[in-house]
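Data block below; observations after.
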Amino acid sequence: MRNVDLRSDTVTRPTRAMRRAMAEAEVGDDVFGEDPTINRLEEMAAERMGKEAALFVVSGTMANLVSLLVHCGRGDEVILGNRSHTFLYEQGGCAGLGGIHPRTLPNNPDGTLDLHDIEAAIRPDNIHFPRTRLIVLENTHNRCGGNPLGPGYMNKVGEIARRNRVRVHVDGARIFNAAVSLCVDASELVSQADSVSFCLSKGLAAPVGSLVCGDADFIQEARRARKLVGGGMRQAGILAAASIVALTEMVDRLAEDHENARALAEGLAGIGSLSVDPDGTRTNMVYITIRDERISSYDLAERLRVKGVLLLPTGPYELRAVTHYHITAGDVDHAASVIRNEISNA
Ligand code: TLP
């Protein structure tokens with residue numbers, strides 16, 4: 001049976017070049033700052049993002065957590081979208097571990113936050129209020145169709161933040177998908193941000209790893225925060241070696257994933273009881289809404305799984321399909337026809 005795993009780009013496995021680089025990696029104790037491969041990756045990452053320094057961490061969740069712990073103290077407020085990954089899917093770690101107060105604003109369908117809402121949410125100095133320290137943006141925006149946020153919008157949020165002495169962190173788990181889709185350099189998207197995190201273990205196919213980038217003082221504090229949450233690694237150059245391959249060899253090919261996602265959205269758009277937006281499919285994610293209340297996303301996902309097509313239910317009537325390194329144009333056609341059959345047999 002043909003298997004097409006569209007649950008996430010996190011299912012990607014390391015390439016042969018990555019495995020070779022891992023086997024040959026020069027390593028040292030990174031807590032002493034002595035792993036040459038990690039040091040090289042951190043320099044490359046900082047350069048790619050146009051920042052002074054970078055820090056290698058185990059996951060996107062840890063990258064966001066240490067960033068928030070550095071920007072905010074206990075009782076400080078962070079402004080973030082109500083559909084952001086940090087708010088929805090990180091166990092409320094910033095509150096649970098950092099005592100940071102989340103102030104959610106409604107995400108627009110394209111993943112942006114309304115600029116007036118942001119400005120209005122920043123607290124004046126008043127003994128009753130928490131202090132607003134940080135705005136978090138997500139780019140691409142996972143729960144908003146994987147939409148990329150352009151440099152114009154990113155810069156406007158930066159201006160608001162600077163004017164109000166508030167900082168900006170970008171959850172750029174898929175920042176290279178945004179950059180490739182918008183045909184801009186990733187650094188242009190974060191030039192006004194104080195920090196950015198991005199992942200190597202999603203569309204870029206590395207087995208483990210994310211980076212946090214910012215100025216040197218910020219990264220020094222982030223290194224402390226990483227140690228605090230148990231993320232100090234030792235000979236992790238083995239992982240960084242794969243990440244270097246990811247960063248140098250795997251970025252440009254993301255355009256293929258975007259084409260495949262668009263083709264999948266187009267293939268599904270004609271199915272009566274589904275609602276899919278091909279024009280809104282600008283990176284590697286396709287959100288599918290079921291318009292027939294007799295078919296739940298969980299039942300459909302299970303029926304598709306038996307046929308070898310894996311999708312991720314993201315709500316009772318919503319599923320997500322993500323294209324990635326192991327998905328070909330043929331896989332996408334196959335998945336669309338399996339989904340069409342299952343819907344017509346429902
Ligand atoms: N997202 C995962 C799931 O958690 C939903 C996925 O399959 O998409 N920021 C964003 C925007 C993310 O999408 C994710 C992972 C993270 C952060 C966290 O990364 P990890 O899984 O490495 O902790």
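Residue names in the structure tokens use chain letters A, B, ... in the order shown, residue numbers from 1 in each chain, and ligand numbers from 1 in the order shown.
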Write out, as a tab-separated table, each residue of chain A that has an atom at most 10 Å from ligand 1, together with the closest pair of atoms and their distance in Å to one decimal, counting only C-alpha atoms and all ligand atoms, rows going by chain and rising number.
residue	atom	partner	partner_atom_place_in_ligand_line	distance
A:Leu6	CA	ligand 1	7 (O)	9.9
A:Arg7	CA	ligand 1	7 (O)	7.0
A:Ser8	CA	ligand 1	7 (O)	4.6
A:Asp9	CA	ligand 1	7 (O)	6.6
A:Thr10	CA	ligand 1	7 (O)	5.9
A:Val11	CA	ligand 1	7 (O)	8.4
A:Val57	CA	ligand 1	22 (O)	9.4
A:Val58	CA	ligand 1	22 (O)	7.2
A:Ser59	CA	ligand 1	22 (O)	3.7
A:Gly60	CA	ligand 1	19 (O)	3.4
A:Thr61	CA	ligand 1	23 (O)	3.7
A:Met62	CA	ligand 1	23 (O)	6.4
A:Ala63	CA	ligand 1	23 (O)	7.9
A:Asn64	CA	ligand 1	17 (C)	7.2
A:Leu65	CA	ligand 1	23 (O)	9.7
A:Arg83	CA	ligand 1	11 (C)	9.9
A:Ser84	CA	ligand 1	11 (C)	7.1
A:His85	CA	ligand 1	10 (C)	5.1
A:Thr86	CA	ligand 1	9 (N)	6.6
A:Phe87	CA	ligand 1	9 (N)	9.9
A:Leu88	CA	ligand 1	5 (C)	8.9
A:Tyr89	CA	ligand 1	4 (O)	5.9
A:Glu90	CA	ligand 1	18 (C)	7.3
A:Leu137	CA	ligand 1	11 (C)	9.6
A:Glu138	CA	ligand 1	11 (C)	6.2
A:Asn139	CA	ligand 1	11 (C)	7.2
A:Thr140	CA	ligand 1	11 (C)	7.0
A:His141	CA	ligand 1	11 (C)	6.2
A:Asn142	CA	ligand 1	11 (C)	5.2
A:Arg143	CA	ligand 1	11 (C)	8.0
A:Gly146	CA	ligand 1	11 (C)	8.6
A:Val170	CA	ligand 1	9 (N)	9.5
A:Asp171	CA	ligand 1	9 (N)	5.8
A:Gly172	CA	ligand 1	11 (C)	6.7
A:Ala173	CA	ligand 1	9 (N)	4.8
A:Arg174	CA	ligand 1	11 (C)	6.7
A:Ile175	CA	ligand 1	11 (C)	9.1
A:Ser197	CA	ligand 1	9 (N)	8.5
A:Phe198	CA	ligand 1	9 (N)	8.0
A:Cys199	CA	ligand 1	22 (O)	6.6
A:Leu200	CA	ligand 1	22 (O)	8.5
A:Ser201	CA	ligand 1	22 (O)	6.9
A:Lys202	CA	ligand 1	22 (O)	7.7
A:Val208	CA	ligand 1	22 (O)	7.8
A:Gly209	CA	ligand 1	22 (O)	7.1
A:Ser210	CA	ligand 1	22 (O)	6.9
A:Met285	CA	ligand 1	8 (O)	9.3
A:Leu312	CA	ligand 1	7 (O)	8.6
A:Thr314	CA	ligand 1	5 (C)	8.8
A:Arg320	CA	ligand 1	8 (O)	9.3
A:Ala321	CA	ligand 1	7 (O)	9.9
A:Val322	CA	ligand 1	7 (O)	8.5
Could you write out, as an NGL selection string, all the residues of range 69-313 of chain A that DSSP marks as strand (DSSP E)?
:A and (77-81 or 101-105 or 132-138 or 167-171 or 195-199 or 210-214 or 274-275 or 285-290 or 309-310 or 312-313)
Sorted per-residue table, range 152-190 of chain A near range 243-266 of chain A, closest atoms and distance, 8 Å, only C-alpha atoms, as JSON lines:
{"residue": "A:Phe176", "atom": "CA", "partner": "A:Val251", "partner_atom": "CA", "distance": 6.5}
{"residue": "A:Asn177", "atom": "CA", "partner": "A:Leu254", "partner_atom": "CA", "distance": 6.3}
{"residue": "A:Val180", "atom": "CA", "partner": "A:Ala255", "partner_atom": "CA", "distance": 6.4}
{"residue": "A:Ser181", "atom": "CA", "partner": "A:Ala255", "partner_atom": "CA", "distance": 7.0}
Take the residues that were just selected and, keeping N, CA, C and O atoms, output them as a PDB file, in the first residue's frame.
ATOM      1  N   PHE A 176      11.621  30.011   6.841  1.00  0.00           N
ATOM      2  CA  PHE A 176      12.159  29.839   5.481  1.00  0.00           C
ATOM      3  C   PHE A 176      11.039  29.516   4.488  1.00  0.00           C
ATOM      4  O   PHE A 176      11.145  29.851   3.315  1.00  0.00           O
ATOM      5  N   ASN A 177       9.970  28.872   4.957  1.00  0.00           N
ATOM      6  CA  ASN A 177       8.815  28.701   4.067  1.00  0.00           C
ATOM      7  C   ASN A 177       8.254  30.077   3.700  1.00  0.00           C
ATOM      8  O   ASN A 177       7.873  30.322   2.555  1.00  0.00           O
ATOM      9  N   VAL A 180      10.759  31.820   1.230  1.00  0.00           N
ATOM     10  CA  VAL A 180      10.719  31.239  -0.120  1.00  0.00           C
ATOM     11  C   VAL A 180       9.411  31.631  -0.814  1.00  0.00           C
ATOM     12  O   VAL A 180       9.389  32.033  -1.979  1.00  0.00           O
ATOM     13  N   SER A 181       8.317  31.579  -0.075  1.00  0.00           N
ATOM     14  CA  SER A 181       7.024  31.916  -0.669  1.00  0.00           C
ATOM     15  C   SER A 181       6.965  33.391  -1.094  1.00  0.00           C
ATOM     16  O   SER A 181       6.407  33.725  -2.130  1.00  0.00           O
TER      17      SER A 181
END
Given only C-alpha atoms as the basis, pick out the residue of A:Cys72, A:Leu115, A:Val212, A:Ser195 nearest to Leu41 in chain A.
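Once distances to Leu41 in chain A are computed over only C-alpha atoms, the minimum belongs to A:Val212.
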Just the residues within 12 Å of Pro36 in chain A, please, counting only C-alpha atoms, with nothing from its chain fewer than 5 positions along; format it as number ranges by chain.
A: 25-31, 41-43, 234-238, 240-241
Could you give me the residues within range 216-282 of chain A that DSSP places in alpha helix (DSSP H), as a PyMOL selection string?
chain A and resi 216-228+237-249+254-269
Calculated over only C-alpha atoms, which of the candidates A:Ala179, A:His334, A:Gly98, A:Ala120 has the smallest distance to Asn164 in chain A?
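Ranking A:Ala179, A:His334, A:Gly98, A:Ala120 by distance to Asn164 in chain A, first place goes to A:Ala120.
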9 Å contact set for Thr12 in chain A, only C-alpha atoms, chain neighbours under 5 positions out, as number ranges by chain
A: 201-207, 324-326
Using only C-alpha atoms, which of the listed residues (A:Met18, A:Val286, A:Val306, A:Leu319) sits closest to Glu342 in chain A?
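Counting only C-alpha atoms, the residue closest to Glu342 in chain A is A:Val306.
CA of Ala45 in chain A is found 20.1 Å from CA of Arg19 in chain A.
Closest approach to Ser296 in chain A from the set A:Ile127, A:Ala216, A:Ala346, A:Val196 is made by A:Ala346, with distances taken over only C-alpha atoms.
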In terms of the shortest atom-to-atom distance over only C-alpha atoms, which of A:Arg133, A:Arg123, A:Lys307, A:Arg2 is closest to Leu68 in chain A?
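Under the stated criterion, the closest residue is A:Arg133.
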Leaving out Tyr317 in chain A and any residue of its chain fewer than 5 positions from it, which residues lie within 9 Å of it when counting only C-alpha atoms, given as an NGL selection string?
:A and (288-293 or 295-298)
Let me see the file: selected residues, N, CA, C and O atoms, as a PDB file, in the first residue's frame.
ATOM      1  N   ILE A 288      -8.409  21.727   5.639  1.00  0.00           N
ATOM      2  CA  ILE A 288      -9.587  21.172   4.973  1.00  0.00           C
ATOM      3  C   ILE A 288     -10.746  21.222   5.963  1.00  0.00           C
ATOM      4  O   ILE A 288     -10.646  20.666   7.060  1.00  0.00           O
ATOM      5  N   THR A 289     -11.825  21.897   5.588  1.00  0.00           N
ATOM      6  CA  THR A 289     -12.998  21.921   6.460  1.00  0.00           C
ATOM      7  C   THR A 289     -14.061  21.006   5.864  1.00  0.00           C
ATOM      8  O   THR A 289     -14.319  21.061   4.651  1.00  0.00           O
ATOM      9  N   ILE A 290     -14.658  20.160   6.723  1.00  0.00           N
ATOM     10  CA  ILE A 290     -15.714  19.255   6.261  1.00  0.00           C
ATOM     11  C   ILE A 290     -17.049  19.967   6.428  1.00  0.00           C
ATOM     12  O   ILE A 290     -17.373  20.447   7.515  1.00  0.00           O
ATOM     13  N   ARG A 291     -17.793  20.039   5.327  1.00  0.00           N
ATOM     14  CA  ARG A 291     -19.072  20.771   5.349  1.00  0.00           C
ATOM     15  C   ARG A 291     -20.262  19.858   5.651  1.00  0.00           C
ATOM     16  O   ARG A 291     -21.394  20.309   5.647  1.00  0.00           O
ATOM     17  N   ASP A 292     -20.009  18.572   5.829  1.00  0.00           N
ATOM     18  CA  ASP A 292     -21.091  17.617   6.083  1.00  0.00           C
ATOM     19  C   ASP A 292     -20.975  17.170   7.537  1.00  0.00           C
ATOM     20  O   ASP A 292     -20.007  16.494   7.905  1.00  0.00           O
ATOM     21  N   GLU A 293     -21.963  17.555   8.348  1.00  0.00           N
ATOM     22  CA  GLU A 293     -21.792  17.314   9.787  1.00  0.00           C
ATOM     23  C   GLU A 293     -21.868  15.839  10.184  1.00  0.00           C
ATOM     24  O   GLU A 293     -21.553  15.478  11.314  1.00  0.00           O
ATOM     25  N   ILE A 295     -19.891  13.708   8.897  1.00  0.00           N
ATOM     26  CA  ILE A 295     -18.521  13.182   8.780  1.00  0.00           C
ATOM     27  C   ILE A 295     -17.612  13.962   9.733  1.00  0.00           C
ATOM     28  O   ILE A 295     -17.375  15.150   9.532  1.00  0.00           O
ATOM     29  N   SER A 296     -17.111  13.307  10.762  1.00  0.00           N
ATOM     30  CA  SER A 296     -16.198  14.030  11.661  1.00  0.00           C
ATOM     31  C   SER A 296     -14.768  13.872  11.155  1.00  0.00           C
ATOM     32  O   SER A 296     -14.440  12.907  10.440  1.00  0.00           O
ATOM     33  N   SER A 297     -13.937  14.815  11.525  1.00  0.00           N
ATOM     34  CA  SER A 297     -12.532  14.777  11.065  1.00  0.00           C
ATOM     35  C   SER A 297     -11.831  13.528  11.606  1.00  0.00           C
ATOM     36  O   SER A 297     -10.968  12.964  10.939  1.00  0.00           O
ATOM     37  N   TYR A 298     -12.224  13.105  12.815  1.00  0.00           N
ATOM     38  CA  TYR A 298     -11.560  11.952  13.429  1.00  0.00           C
ATOM     39  C   TYR A 298     -11.907  10.668  12.659  1.00  0.00           C
ATOM     40  O   TYR A 298     -11.043   9.836  12.390  1.00  0.00           O
TER      41      TYR A 298
END
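Between CA of Arg131 in chain A and CA of His71 in chain A the interatomic distance comes to 11.7 Å.
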Name the residues in contact with Arg224 in chain A at a cut-off of 12 Å, using only C-alpha atoms, excluding same-chain residues fewer than 6 positions from it; report them as a PDB file with N, CA, C and O atoms, in the first residue's frame.
ATOM      1  N   VAL A  31      28.205  22.841  26.719  1.00  0.00           N
ATOM      2  CA  VAL A  31      27.959  23.668  27.905  1.00  0.00           C
ATOM      3  C   VAL A  31      29.223  24.493  28.225  1.00  0.00           C
ATOM      4  O   VAL A  31      29.144  25.606  28.730  1.00  0.00           O
ATOM      5  N   LEU A  55      21.583  30.638  19.318  1.00  0.00           N
ATOM      6  CA  LEU A  55      21.686  29.554  20.307  1.00  0.00           C
ATOM      7  C   LEU A  55      20.925  28.339  19.784  1.00  0.00           C
ATOM      8  O   LEU A  55      19.771  28.454  19.363  1.00  0.00           O
ATOM      9  N   VAL A  57      18.919  24.999  20.284  1.00  0.00           N
ATOM     10  CA  VAL A  57      18.081  24.373  21.325  1.00  0.00           C
ATOM     11  C   VAL A  57      17.392  23.144  20.732  1.00  0.00           C
ATOM     12  O   VAL A  57      17.418  22.942  19.519  1.00  0.00           O
ATOM     13  N   VAL A  66      12.519  29.852  25.999  1.00  0.00           N
ATOM     14  CA  VAL A  66      13.680  30.595  26.514  1.00  0.00           C
ATOM     15  C   VAL A  66      13.620  32.051  26.050  1.00  0.00           C
ATOM     16  O   VAL A  66      13.992  32.955  26.801  1.00  0.00           O
ATOM     17  N   SER A  67      13.109  32.287  24.864  1.00  0.00           N
ATOM     18  CA  SER A  67      12.992  33.679  24.391  1.00  0.00           C
ATOM     19  C   SER A  67      12.054  34.461  25.298  1.00  0.00           C
ATOM     20  O   SER A  67      12.357  35.585  25.717  1.00  0.00           O
ATOM     21  N   LEU A  69      11.216  33.763  28.363  1.00  0.00           N
ATOM     22  CA  LEU A  69      11.797  33.883  29.714  1.00  0.00           C
ATOM     23  C   LEU A  69      12.813  35.016  29.778  1.00  0.00           C
ATOM     24  O   LEU A  69      12.977  35.651  30.821  1.00  0.00           O
ATOM     25  N   VAL A  70      13.514  35.250  28.671  1.00  0.00           N
ATOM     26  CA  VAL A  70      14.511  36.336  28.689  1.00  0.00           C
ATOM     27  C   VAL A  70      13.822  37.698  28.546  1.00  0.00           C
ATOM     28  O   VAL A  70      14.160  38.645  29.245  1.00  0.00           O
ATOM     29  N   ASP A 217      23.749  40.132  23.931  1.00  0.00           N
ATOM     30  CA  ASP A 217      23.298  40.108  25.338  1.00  0.00           C
ATOM     31  C   ASP A 217      22.089  39.197  25.494  1.00  0.00           C
ATOM     32  O   ASP A 217      21.991  38.433  26.463  1.00  0.00           O
ATOM     33  N   PHE A 218      21.172  39.309  24.543  1.00  0.00           N
ATOM     34  CA  PHE A 218      19.974  38.466  24.601  1.00  0.00           C
ATOM     35  C   PHE A 218      20.363  36.987  24.550  1.00  0.00           C
ATOM     36  O   PHE A 218      19.857  36.157  25.321  1.00  0.00           O
ATOM     37  N   GLY A 230      16.894  22.808  31.521  1.00  0.00           N
ATOM     38  CA  GLY A 230      17.499  21.489  31.297  1.00  0.00           C
ATOM     39  C   GLY A 230      17.931  21.250  29.871  1.00  0.00           C
ATOM     40  O   GLY A 230      18.108  20.104  29.458  1.00  0.00           O
ATOM     41  N   GLY A 231      18.104  22.333  29.122  1.00  0.00           N
ATOM     42  CA  GLY A 231      18.421  22.168  27.697  1.00  0.00           C
ATOM     43  C   GLY A 231      19.893  22.311  27.364  1.00  0.00           C
ATOM     44  O   GLY A 231      20.243  22.428  26.188  1.00  0.00           O
ATOM     45  N   GLY A 232      20.754  22.306  28.383  1.00  0.00           N
ATOM     46  CA  GLY A 232      22.195  22.362  28.106  1.00  0.00           C
ATOM     47  C   GLY A 232      22.636  21.013  27.569  1.00  0.00           C
ATOM     48  O   GLY A 232      22.480  19.994  28.246  1.00  0.00           O
TER      49      GLY A 232
END
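Distances here use only C-alpha atoms; by that measure, the residue among A:Asp194, A:Asp185, A:Asp299, A:Glu119 closest to Ile79 in chain A is A:Glu119.
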Please compute the CA of Leu211 in chain A-CA of Ala46 in chain A distance, one decimal, in Å.
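About the pair CA of Leu211 in chain A and CA of Ala46 in chain A: they are 8.9 Å apart.
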